[in-house]
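Visitor: Coordinates in run_34.tsv, TSV, C-alpha atoms and all ligand atoms, are listed below.
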chain	number	residue	atom	x	y	z
A	1	MET	CA	0.00	0.00	0.00
A	2	ALA	CA	2.79	2.35	0.92
A	3	SER	CA	4.59	1.66	-2.34
A	4	THR	CA	1.55	2.36	-4.54
A	5	SER	CA	0.89	5.66	-2.86
A	6	HIS	CA	4.59	6.39	-3.13
A	7	SER	CA	4.71	5.70	-6.88
A	8	ARG	CA	1.87	8.23	-7.28
A	9	SER	CA	3.69	10.75	-5.15
A	10	SER	CA	4.66	14.16	-6.52
A	11	ILE	CA	7.67	14.34	-4.25
A	12	PHE	CA	11.25	13.49	-5.27
A	13	LYS	CA	11.89	9.80	-4.80
A	14	THR	CA	14.96	10.62	-2.69
A	15	LEU	CA	12.76	10.61	0.40
A	16	THR	CA	11.53	7.17	1.46
A	17	PRO	CA	9.31	7.71	4.47
A	18	ALA	CA	7.90	5.00	6.72
A	19	PRO	CA	4.20	4.30	6.02
A	20	LEU	CA	3.14	6.50	8.91
A	21	ALA	CA	1.85	10.06	9.32
A	22	PHE	CA	0.90	12.04	12.40
A	23	GLU	CA	-1.89	14.39	13.32
A	24	ARG	CA	-0.28	16.11	16.23
A	25	GLY	CA	2.38	15.85	18.87
A	26	GLU	CA	2.64	16.64	22.55
A	27	GLY	CA	5.87	16.32	24.47
A	28	VAL	CA	7.46	12.98	23.64
A	29	ARG	CA	4.22	11.60	22.16
A	30	LEU	CA	3.05	11.63	18.54
A	31	TYR	CA	-0.55	10.88	17.61
A	32	GLY	CA	-0.66	8.83	14.43
A	33	GLU	CA	-3.28	9.03	11.73
A	34	ASP	CA	-3.61	5.30	12.37
A	35	GLY	CA	-5.10	6.18	15.76
A	36	LYS	CA	-2.05	4.91	17.66
A	37	ILE	CA	0.09	6.86	20.08
A	38	TYR	CA	3.85	6.71	19.57
A	39	LEU	CA	6.75	7.47	21.89
A	40	ASP	CA	9.01	9.63	19.76
A	41	TYR	CA	12.64	8.67	20.36
A	42	SER	CA	13.54	10.07	16.95
A	43	ALA	CA	12.64	13.68	17.81
A	44	GLY	CA	12.83	14.71	14.17
A	45	VAL	CA	16.42	13.42	14.13
A	46	ALA	CA	17.53	15.32	17.22
A	47	VAL	CA	15.60	18.45	16.19
A	48	ASN	CA	12.65	18.50	18.62
A	49	ALA	CA	14.89	19.05	21.63
A	50	LEU	CA	11.93	20.13	23.77
A	51	GLY	CA	9.50	17.63	22.29
A	52	HIS	CA	6.35	18.52	20.36
A	53	ALA	CA	4.20	21.59	20.97
A	54	HIS	CA	6.22	22.80	23.95
A	55	PRO	CA	4.02	25.58	25.44
A	56	HIS	CA	6.89	28.08	25.69
A	57	LEU	CA	7.86	27.57	22.03
A	58	VAL	CA	4.25	27.68	20.85
A	59	ALA	CA	3.73	30.96	22.72
A	60	ALA	CA	6.96	32.50	21.35
A	61	LEU	CA	6.19	31.51	17.78
A	62	SER	CA	2.54	32.59	17.94
A	63	GLU	CA	3.39	35.93	19.47
A	64	GLN	CA	6.05	36.64	16.87
A	65	ALA	CA	3.79	35.40	14.05
A	66	SER	CA	1.24	38.08	14.82
A	67	LYS	CA	3.90	40.83	14.87
A	68	LEU	CA	6.58	40.30	12.21
A	69	TRP	CA	7.75	37.32	10.16
A	70	HIS	CA	10.46	38.53	7.87
A	71	VAL	CA	12.25	41.73	6.92
A	72	SER	CA	15.55	40.47	5.37
A	73	ASN	CA	19.00	41.24	6.63
A	74	LEU	CA	18.86	44.68	5.00
A	75	PHE	CA	17.52	45.80	8.38
A	76	GLN	CA	18.46	45.20	11.98
A	77	ILE	CA	16.81	42.26	13.67
A	78	PRO	CA	16.91	42.71	17.45
A	79	GLY	CA	16.11	39.02	18.09
A	80	GLN	CA	19.25	38.14	16.14
A	81	GLU	CA	21.47	40.34	18.29
A	82	ARG	CA	19.92	38.85	21.38
A	83	LEU	CA	20.28	35.21	20.34
A	84	ALA	CA	23.83	35.81	19.11
A	85	LYS	CA	24.85	37.48	22.36
A	86	ARG	CA	23.36	34.66	24.41
A	87	LEU	CA	25.09	31.97	22.33
A	88	CYS	CA	28.39	33.81	22.73
A	89	GLU	CA	27.94	34.09	26.48
A	90	VAL	CA	27.56	30.33	26.86
A	91	SER	CA	30.21	29.19	24.37
A	92	PHE	CA	33.73	29.84	23.08
A	93	ALA	CA	32.30	32.14	20.38
A	94	ASP	CA	32.44	35.92	19.81
A	95	ARG	CA	30.46	36.12	16.57
A	96	ILE	CA	27.51	34.29	15.04
A	97	PHE	CA	26.08	33.90	11.53
A	98	PHE	CA	22.53	32.51	11.35
A	99	THR	CA	21.39	30.06	8.68
A	100	ASN	CA	18.33	27.91	7.92
A	101	SER	CA	19.99	24.51	8.07
A	102	GLY	CA	22.95	22.51	9.24
A	103	ALA	CA	24.59	22.26	5.83
A	104	GLU	CA	24.47	26.04	5.42
A	105	ALA	CA	26.04	26.49	8.85
A	106	MET	CA	28.81	24.11	7.72
A	107	GLU	CA	29.27	26.04	4.47
A	108	CYS	CA	29.68	29.21	6.52
A	109	CYS	CA	32.40	27.48	8.57
A	110	PHE	CA	34.22	26.43	5.38
A	111	LYS	CA	34.06	29.89	3.83
A	112	THR	CA	35.11	31.56	7.08
A	113	ALA	CA	38.11	29.21	7.45
A	114	ARG	CA	39.30	29.82	3.89
A	115	ARG	CA	38.75	33.54	4.13
A	116	TYR	CA	40.78	33.66	7.35
A	117	HIS	CA	43.83	32.33	5.55
A	118	PHE	CA	43.14	34.41	2.44
A	119	ALA	CA	43.13	37.57	4.54
A	120	ALA	CA	46.39	36.52	6.19
A	121	GLY	CA	48.03	36.32	2.75
A	122	ASN	CA	47.77	32.54	2.42
A	123	PRO	CA	45.14	31.97	-0.28
A	124	GLN	CA	46.61	28.52	-1.02
A	125	LYS	CA	45.37	27.29	2.37
A	126	ILE	CA	42.03	25.78	1.37
A	127	ASP	CA	42.17	22.15	2.50
A	128	ILE	CA	39.99	20.92	5.32
A	129	LEU	CA	40.90	17.61	6.94
A	130	THR	CA	37.90	15.48	7.88
A	131	PHE	CA	37.36	11.94	9.18
A	132	GLU	CA	35.99	8.74	7.72
A	133	GLY	CA	32.40	8.01	8.68
A	134	ALA	CA	31.63	11.72	9.08
A	135	PHE	CA	28.39	13.36	7.99
A	136	HIS	CA	28.25	17.09	7.42
A	137	GLY	CA	25.23	17.58	5.14
A	138	ARG	CA	24.06	17.12	1.53
A	139	THR	CA	25.24	20.20	-0.38
A	140	LEU	CA	28.08	19.73	-2.85
A	141	ALA	CA	30.70	20.97	-0.38
A	142	THR	CA	29.32	19.10	2.62
A	143	ILE	CA	29.14	15.75	0.77
A	144	ALA	CA	32.80	16.32	-0.13
A	145	ALA	CA	33.51	17.04	3.55
A	146	GLY	CA	31.71	13.85	4.63
A	147	GLY	CA	33.57	11.97	1.92
A	148	GLN	CA	31.11	9.08	1.76
A	149	GLU	CA	30.96	7.50	-1.68
A	150	LYS	CA	27.24	6.73	-1.40
A	151	TYR	CA	26.47	10.45	-1.15
A	152	LEU	CA	29.07	11.59	-3.73
A	153	GLU	CA	28.31	9.16	-6.54
A	154	GLY	CA	26.79	10.65	-9.67
A	155	PHE	CA	27.14	14.27	-8.67
A	156	GLY	CA	30.20	15.19	-10.71
A	157	PRO	CA	33.68	15.98	-9.48
A	158	LYS	CA	34.05	16.00	-5.73
A	159	THR	CA	34.37	19.59	-4.50
A	160	GLU	CA	38.05	20.32	-3.99
A	161	GLY	CA	39.68	20.88	-0.66
A	162	PHE	CA	38.41	18.09	1.58
A	163	ILE	CA	40.70	15.28	2.67
A	164	GLN	CA	39.40	12.28	4.67
A	165	LEU	CA	41.59	10.69	7.30
A	166	PRO	CA	41.09	7.48	9.28
A	167	PHE	CA	38.90	8.04	12.35
A	168	GLY	CA	40.88	9.01	15.45
A	169	ASP	CA	44.30	8.51	13.80
A	170	GLU	CA	46.81	11.05	15.20
A	171	GLU	CA	49.64	9.89	12.95
A	172	ALA	CA	47.50	10.38	9.84
A	173	VAL	CA	46.67	13.93	10.96
A	174	ASN	CA	50.35	14.73	11.51
A	175	LYS	CA	51.22	13.45	8.04
A	176	ALA	CA	48.33	15.17	6.27
A	177	ILE	CA	49.11	18.71	7.42
A	178	GLY	CA	50.90	20.72	4.76
A	179	ASP	CA	51.16	24.16	3.19
A	180	THR	CA	47.61	24.01	1.78
A	181	THR	CA	45.89	22.92	5.02
A	182	ALA	CA	43.35	25.42	6.34
A	183	ALA	CA	41.38	23.60	9.01
A	184	ILE	CA	40.40	20.34	10.69
A	185	LEU	CA	36.72	19.39	10.93
A	186	ILE	CA	35.19	16.80	13.26
A	187	GLU	CA	31.91	15.88	14.99
A	188	PRO	CA	32.57	15.47	18.74
A	189	VAL	CA	30.28	12.44	18.40
A	190	GLN	CA	29.52	11.10	14.92
A	191	GLY	CA	25.71	10.96	14.58
A	192	GLU	CA	24.80	9.53	11.18
A	193	GLY	CA	28.09	7.60	11.20
A	194	GLY	CA	26.85	5.38	14.03
A	195	ILE	CA	27.31	7.28	17.32
A	196	ARG	CA	31.07	6.92	17.10
A	197	GLN	CA	32.90	9.00	19.65
A	198	PRO	CA	36.53	10.03	19.38
A	199	ASP	CA	38.02	10.22	22.87
A	200	GLY	CA	38.56	13.58	24.52
A	201	ALA	CA	42.32	13.18	24.18
A	202	PHE	CA	41.95	13.09	20.38
A	203	LEU	CA	39.98	16.36	20.36
A	204	ARG	CA	42.63	17.96	22.61
A	205	PHE	CA	45.32	16.66	20.25
A	206	LEU	CA	43.51	18.34	17.34
A	207	ARG	CA	43.28	21.58	19.32
A	208	GLN	CA	47.02	21.51	19.96
A	209	ILE	CA	48.00	20.68	16.40
A	210	CYS	CA	45.74	23.46	15.08
A	211	ASP	CA	47.40	25.92	17.48
A	212	ASP	CA	50.87	24.77	16.47
A	213	ASN	CA	50.16	25.14	12.74
A	214	ASP	CA	47.79	28.14	12.68
A	215	LEU	CA	44.90	25.95	11.49
A	216	LEU	CA	41.29	26.49	12.45
A	217	LEU	CA	39.54	23.76	14.40
A	218	ILE	CA	35.92	23.28	13.29
A	219	PHE	CA	33.39	21.26	15.27
A	220	ASP	CA	30.18	20.05	13.68
A	221	GLU	CA	27.75	20.14	16.61
A	222	ILE	CA	24.65	20.19	14.43
A	223	GLN	CA	23.45	16.99	16.11
A	224	THR	CA	25.40	17.06	19.40
A	225	GLY	CA	24.74	20.70	20.34
A	226	ILE	CA	22.06	22.34	22.52
A	227	GLY	CA	22.04	19.84	25.34
A	228	ARG	CA	21.85	16.62	23.35
A	229	THR	CA	24.81	15.03	25.17
A	230	GLY	CA	23.90	16.50	28.57
A	231	LYS	CA	26.19	19.53	28.23
A	232	LEU	CA	25.08	22.54	26.21
A	233	PHE	CA	27.78	21.62	23.68
A	234	ALA	CA	29.48	18.23	23.42
A	235	TYR	CA	32.94	19.81	23.17
A	236	GLU	CA	32.63	20.80	26.84
A	237	TRP	CA	33.16	17.13	27.81
A	238	SER	CA	36.59	17.18	26.15
A	239	GLY	CA	37.95	20.51	27.34
A	240	ALA	CA	38.94	21.37	23.74
A	241	ALA	CA	37.11	24.34	22.22
A	242	PRO	CA	36.96	25.00	18.47
A	243	ASP	CA	37.54	28.20	16.47
A	244	LEU	CA	34.43	27.60	14.38
A	245	MET	CA	31.34	25.53	15.06
A	246	ALA	CA	28.16	24.66	13.22
A	247	ILE	CA	24.91	24.09	15.10
A	248	ALA	CA	21.34	23.56	13.82
A	249	LYS	CA	18.80	20.85	14.68
A	250	GLY	CA	18.14	21.40	18.43
A	251	ILE	CA	18.51	25.19	18.46
A	252	GLY	CA	15.34	25.60	16.37
A	253	GLY	CA	13.35	23.00	18.30
A	254	GLY	CA	11.61	22.19	14.99
A	255	PHE	CA	11.89	25.56	13.28
A	256	PRO	CA	14.54	25.56	10.50
A	257	LEU	CA	17.48	27.32	12.14
A	258	GLY	CA	21.23	26.92	12.14
A	259	ALA	CA	24.24	28.97	13.09
A	260	CYS	CA	27.96	29.28	12.53
A	261	LEU	CA	29.74	30.21	15.76
A	262	ALA	CA	33.20	31.77	15.53
A	263	THR	CA	35.94	33.38	17.57
A	264	GLU	CA	36.64	37.03	16.82
A	265	SER	CA	39.89	36.14	15.13
A	266	ALA	CA	38.40	33.38	12.93
A	267	ALA	CA	35.51	35.60	11.83
A	268	ASP	CA	37.48	38.80	11.37
A	269	ALA	CA	37.97	38.36	7.61
A	270	MET	CA	34.22	37.91	7.00
A	271	ALA	CA	33.82	41.56	6.02
A	272	PRO	CA	30.64	43.33	4.85
A	273	GLY	CA	29.26	41.76	1.67
A	274	VAL	CA	31.49	38.67	1.82
A	275	HIS	CA	28.67	36.29	2.80
A	276	GLY	CA	24.89	36.51	3.05
A	277	THR	CA	21.51	34.83	3.36
A	278	THR	CA	17.92	35.79	2.58
A	279	PHE	CA	16.06	33.80	5.22
A	280	GLY	CA	18.79	33.17	7.80
A	281	GLY	CA	18.11	34.78	11.17
A	282	ASN	CA	14.61	36.03	10.39
A	283	PRO	CA	12.39	37.23	13.26
A	284	LEU	CA	10.33	34.01	13.44
A	285	ALA	CA	13.41	31.83	13.68
A	286	MET	CA	14.99	34.14	16.25
A	287	ALA	CA	11.88	34.11	18.43
A	288	VAL	CA	11.94	30.32	18.52
A	289	GLY	CA	15.72	30.05	18.97
A	290	ASN	CA	15.59	32.42	21.93
A	291	ALA	CA	12.69	30.47	23.41
A	292	VAL	CA	14.62	27.19	23.11
A	293	LEU	CA	17.53	28.79	24.97
A	294	ASP	CA	15.17	30.09	27.68
A	295	VAL	CA	14.35	26.51	28.56
A	296	VAL	CA	17.69	24.79	27.97
A	297	LEU	CA	19.60	27.42	29.96
A	298	GLU	CA	17.22	27.26	32.91
A	299	GLU	CA	19.01	26.36	36.11
A	300	GLY	CA	19.14	22.59	36.51
A	301	PHE	CA	17.80	21.73	33.03
A	302	LEU	CA	20.99	20.10	31.75
A	303	GLU	CA	21.58	18.32	35.05
A	304	GLY	CA	18.09	16.86	34.64
A	305	VAL	CA	18.96	15.72	31.12
A	306	GLN	CA	22.08	13.98	32.42
A	307	GLU	CA	20.15	12.28	35.18
A	308	VAL	CA	17.42	10.85	32.93
A	309	ALA	CA	20.01	9.98	30.27
A	310	LEU	CA	21.94	7.96	32.81
A	311	TYR	CA	18.82	6.03	33.72
A	312	LEU	CA	18.08	5.44	30.01
A	313	ARG	CA	21.59	4.15	29.52
A	314	GLN	CA	21.27	1.77	32.47
A	315	GLN	CA	18.03	0.44	31.02
A	316	LEU	CA	19.71	-0.08	27.66
A	317	ALA	CA	22.58	-1.90	29.35
A	318	GLU	CA	20.02	-4.25	30.91
A	319	LEU	CA	18.47	-4.85	27.51
A	320	ALA	CA	21.91	-5.64	26.10
A	321	ASP	CA	22.40	-8.17	28.91
A	322	THR	CA	19.02	-9.75	28.21
A	323	PHE	CA	19.51	-9.90	24.44
A	324	PRO	CA	23.22	-10.49	23.82
A	325	GLU	CA	22.37	-12.24	20.54
A	326	LEU	CA	20.80	-9.00	19.23
A	327	ILE	CA	22.76	-6.13	20.83
A	328	GLU	CA	26.51	-5.83	20.53
A	329	GLU	CA	27.08	-2.65	22.50
A	330	ILE	CA	25.62	0.63	23.74
A	331	ARG	CA	27.23	3.81	22.42
A	332	GLY	CA	26.99	7.54	22.92
A	333	GLU	CA	26.62	10.28	25.45
A	334	GLY	CA	23.60	11.85	27.15
A	335	MET	CA	20.53	11.52	24.94
A	336	LEU	CA	22.53	10.75	21.82
A	337	LEU	CA	22.58	6.99	22.20
A	338	GLY	CA	23.09	4.07	19.87
A	339	LEU	CA	22.51	0.35	19.96
A	340	LYS	CA	25.10	-1.39	17.83
A	341	LEU	CA	23.15	-4.40	16.59
A	342	LYS	CA	23.98	-7.91	15.46
A	343	VAL	CA	20.82	-8.09	13.34
A	344	PRO	CA	19.83	-5.53	10.64
A	345	ASN	CA	19.07	-2.21	12.35
A	346	LEU	CA	16.13	-1.47	10.04
A	347	ASP	CA	14.39	-4.67	11.16
A	348	VAL	CA	14.69	-3.70	14.82
A	349	ILE	CA	13.55	-0.14	14.08
A	350	SER	CA	10.40	-1.46	12.44
A	351	ALA	CA	9.82	-3.93	15.31
A	352	PHE	CA	10.10	-1.00	17.75
A	353	ARG	CA	7.71	1.03	15.59
A	354	ASP	CA	5.16	-1.78	15.69
A	355	GLU	CA	5.34	-1.51	19.50
A	356	GLY	CA	4.83	2.26	19.28
A	357	LEU	CA	8.41	3.46	19.71
A	358	LEU	CA	10.07	5.58	17.02
A	359	THR	CA	13.85	5.41	16.57
A	360	VAL	CA	16.36	6.27	13.83
A	361	ALA	CA	18.90	4.28	11.82
A	362	ALA	CA	22.56	5.25	11.68
A	363	GLY	CA	25.65	3.93	9.90
A	364	ASP	CA	27.62	0.92	11.16
A	365	ASN	CA	24.33	-0.95	11.77
A	366	VAL	CA	23.42	1.24	14.71
A	367	LEU	CA	19.94	2.13	15.97
A	368	ARG	CA	19.84	5.68	17.34
A	369	LEU	CA	17.78	6.77	20.33
A	370	LEU	CA	17.31	10.54	20.28
A	371	PRO	CA	14.46	11.33	22.64
A	372	PRO	CA	13.40	14.90	23.34
A	373	LEU	CA	15.55	16.26	26.18
A	374	VAL	CA	12.41	16.68	28.30
A	375	ILE	CA	11.58	12.98	28.72
A	376	THR	CA	10.96	11.72	32.22
A	377	ILE	CA	11.98	8.56	34.06
A	378	ASP	CA	8.45	7.25	33.39
A	379	ASP	CA	8.87	7.82	29.65
A	380	VAL	CA	12.10	5.84	29.81
A	381	ARG	CA	10.34	2.97	31.61
A	382	GLU	CA	7.60	2.94	29.00
A	383	ALA	CA	10.14	2.85	26.19
A	384	GLN	CA	12.04	0.10	27.97
A	385	GLN	CA	8.90	-2.07	28.08
A	386	LYS	CA	8.27	-1.49	24.39
A	387	MET	CA	11.85	-2.39	23.51
A	388	GLN	CA	11.72	-5.44	25.74
A	389	ARG	CA	8.53	-6.70	24.06
A	390	ALA	CA	9.78	-5.97	20.55
A	391	LEU	CA	13.12	-7.68	21.12
A	392	ALA	CA	11.52	-10.73	22.75
A	393	GLN	CA	9.23	-11.15	19.75
A	394	PHE	CA	12.14	-10.57	17.44
A	395	THR	CA	14.09	-13.38	19.11
A	396	GLU	CA	11.08	-15.72	18.83
A	397	ILE	CA	10.61	-15.00	15.14
A	398	GLN	CA	14.32	-15.44	14.57
A	399	SER	CA	14.53	-18.81	16.30
A	400	ALA	CA	11.32	-19.96	14.55
A	401	GLY	CA	12.92	-19.08	11.23
A	402	LYS	CA	16.00	-21.23	11.95
B	501	LIG	C1	21.89	16.82	10.33
B	501	LIG	C2	23.35	17.05	10.25
B	501	LIG	C3	23.92	17.86	9.25
B	501	LIG	C4	23.10	18.47	8.14
B	501	LIG	O1	22.11	19.32	8.58
B	501	LIG	P1	20.93	19.76	7.54
B	501	LIG	O2	20.08	20.69	8.34
B	501	LIG	O3	20.25	18.52	7.12
B	501	LIG	O4	21.60	20.43	6.41
B	501	LIG	C5	25.28	18.06	9.28
B	501	LIG	N1	26.05	17.51	10.24
B	501	LIG	C6	25.55	16.73	11.22
B	501	LIG	C7	26.44	16.19	12.26
B	501	LIG	C8	24.18	16.46	11.24
B	501	LIG	O5	23.69	15.66	12.20
Please lay out the structure from this file as structure tokens.
Ligand SMILES: *Cc1c(COP(=O)(O)O)cnc(C)c1O
Guide:
Amino acid sequence: MASTSHSRSSIFKTLTPAPLAFERGEGVRLYGEDGKIYLDYSAGVAVNALGHAHPHLVAALSEQASKLWHVSNLFQIPGQERLAKRLCEVSFADRIFFTNSGAEAMECCFKTARRYHFAAGNPQKIDILTFEGAFHGRTLATIAAGGQEKYLEGFGPKTEGFIQLPFGDEEAVNKAIGDTTAAILIEPVQGEGGIRQPDGAFLRFLRQICDDNDLLLIFDEIQTGIGRTGKLFAYEWSGAAPDLMAIAKGIGGGFPLGACLATESAADAMAPGVHGTTFGGNPLAMAVGNAVLDVVLEEGFLEGVQEVALYLRQQLAELADTFPELIEEIRGEGMLLGLKLKVPNLDVISAFRDEGLLTVAAGDNVLRLLPPLVITIDDVREAQQKMQRALAQFTEIQSAGK
């Protein structure tokens, strides 16, 4: 049934949605058109940080919607100044450029890094070192940065200036740095790549080598940022701060919003007219971004995320003990968690969905759990029961099939 409706679809075939649509959402719950209620541990792929229809976000968006939607960046946008100042206060950054998506925030990081070296009289420094398994978006430059063949194939020559290195390999980084190197780019935890986490020492090593060679360190925190790992930004766990950072997903809480965060020195060469955007930073987006920060920066919010995340992780560890033939290991940090599976991840995702629990696939045969940051211990228990039931049935079907 899903495939017939899909073949009649007027939408690009690139999107292959599950045969499921929703009428509304509330907190961690989604109400399906099939009449079922789902626990949403996909959260729009780490976007709905505060769940669905959070009252504070609804109020902020509605209020702004009745006042002013869009004026373009030809005029001052007070909400932009405010959100930028707040992001700077809670991060390494001194300057912010707002975008509509993660990939655009990445592109801004790339342009800013190259322009930095250009302005310093080194226009040959264009290369950005990245790591295997990375995901940085789907524009021509960001697929080159991610370096994954499945995303590059058929789209012409790979955009120049991106060099992939083995994950976590210090020696390879040392060898790769040369006269054309501009920057090093890494996700503090790989999301799409399968919740793979370089250790903090590796991020500190990258910080040091960037300092030693006047390279810019770029973190892609599009998925890990805004509380996802239990800190506002994942880099805080490592003690290594970047020069440039892309965020998106969580900061908009469901409204398309991204940002490039930069130190004063990294952003200094981005002079008037050098970069721009029509929609980026518009009043609607700024109202929502500020409202997301209101909640996430509330005293005790992130501690609460860490507490519930720890409980979730313990529950997952129990599941892994109960089903060692299905689960190889638990990965991740905070509420960016992965089950590395011994059976196809898509099969388990659909078994979970049948039980009313929504999760997301990732590379390396991992199933991602990305609940809204506002879930409670009770929500975790409910999810645990659903997973337990789904996995038990899965085991039965498997052994019956043998
Ligand atoms: C989602 C994501 C992107 C791309 O963001 P878009 O908004 O889809 O362009 C880039 N990097 C990481 C780590 C992501 O998770």
Visitor: Can you work out which residues are within 7 Å of ligand LIG 501 (chain B), considering all atoms listed in the file, and then hand them over as a PyMOL selection string?
Guide: chain A and resi 101-104+135-138+187+190-192+220-223+248-249
Visitor: Tell me, in Å to one decimal, how far CA of Pro17 in chain A is from CA of Arg353 in chain A.
Guide: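 The value is 13.1 Å.
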Visitor: Residues of range 180-258 of chain A within 10 Å of range 106-119 of chain A: nearest atom pair and distance (Å, one decimal) for each, counting only C-alpha atoms, sorted by chain and number, as a Markdown table?
Guide:
| residue | atom | partner | partner_atom | distance |
| --- | --- | --- | --- | --- |
| A:Thr180 | CA | A:His117 | CA | 9.9 |
| A:Thr181 | CA | A:Arg114 | CA | 9.6 |
| A:Ala182 | CA | A:Arg114 | CA | 6.5 |
| A:Ala183 | CA | A:Ala113 | CA | 6.7 |
| A:Ile184 | CA | A:Ala113 | CA | 9.7 |
| A:Leu185 | CA | A:Phe110 | CA | 9.3 |
| A:Asp214 | CA | A:His117 | CA | 9.2 |
| A:Leu215 | CA | A:Ala113 | CA | 8.5 |
| A:Leu216 | CA | A:Ala113 | CA | 6.5 |
| A:Leu217 | CA | A:Ala113 | CA | 8.9 |
| A:Ile218 | CA | A:Cys109 | CA | 7.2 |
| A:Phe219 | CA | A:Cys109 | CA | 9.2 |
| A:Asp220 | CA | A:Met106 | CA | 7.3 |
| A:Glu221 | CA | A:Met106 | CA | 9.8 |
| A:Ile222 | CA | A:Met106 | CA | 8.8 |
| A:Asp243 | CA | A:Ala113 | CA | 9.1 |
| A:Leu244 | CA | A:Cys109 | CA | 6.2 |
| A:Met245 | CA | A:Cys109 | CA | 6.9 |
| A:Ala246 | CA | A:Met106 | CA | 5.6 |
| A:Ile247 | CA | A:Met106 | CA | 8.3 |
| A:Ala248 | CA | A:Met106 | CA | 9.7 |
| A:Gly258 | CA | A:Met106 | CA | 9.2 |
Visitor: Using Å and a single decimal, report how far CA of Leu257 in chain A sits from CA of Leu61 in chain A.
Guide: 13.3 Å
Visitor: So how far away is CA of Pro344 in chain A from CA of Asn365 in chain A, in Å?
Guide: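 Separation between CA of Asn365 in chain A and CA of Pro344 in chain A: 6.5 Å.
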Visitor: Between A:Glu382, A:Arg95, A:Glu153, A:Gln388, which is the closest to Glu318 in chain A once you count only C-alpha atoms?
Guide: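 Among the listed residues, the smallest separation from Glu318 in chain A belongs to A:Gln388.
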Visitor: For a quick check of understanding, using all atoms listed in the file, which of A:Phe162, A:Phe131, A:Tyr151, A:Tyr41 has the smallest distance to Leu337 in chain A?
Guide: A:Tyr41
Visitor: Rank A:Thr277, A:Gln124, A:Asn48, A:Thr263 by their smallest atom-to-atom distance to Cys88 in chain A, using all atoms listed in the file, and report the top residue only.
Guide: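 Answer, going by the shortest atom-to-atom distance: A:Thr263.
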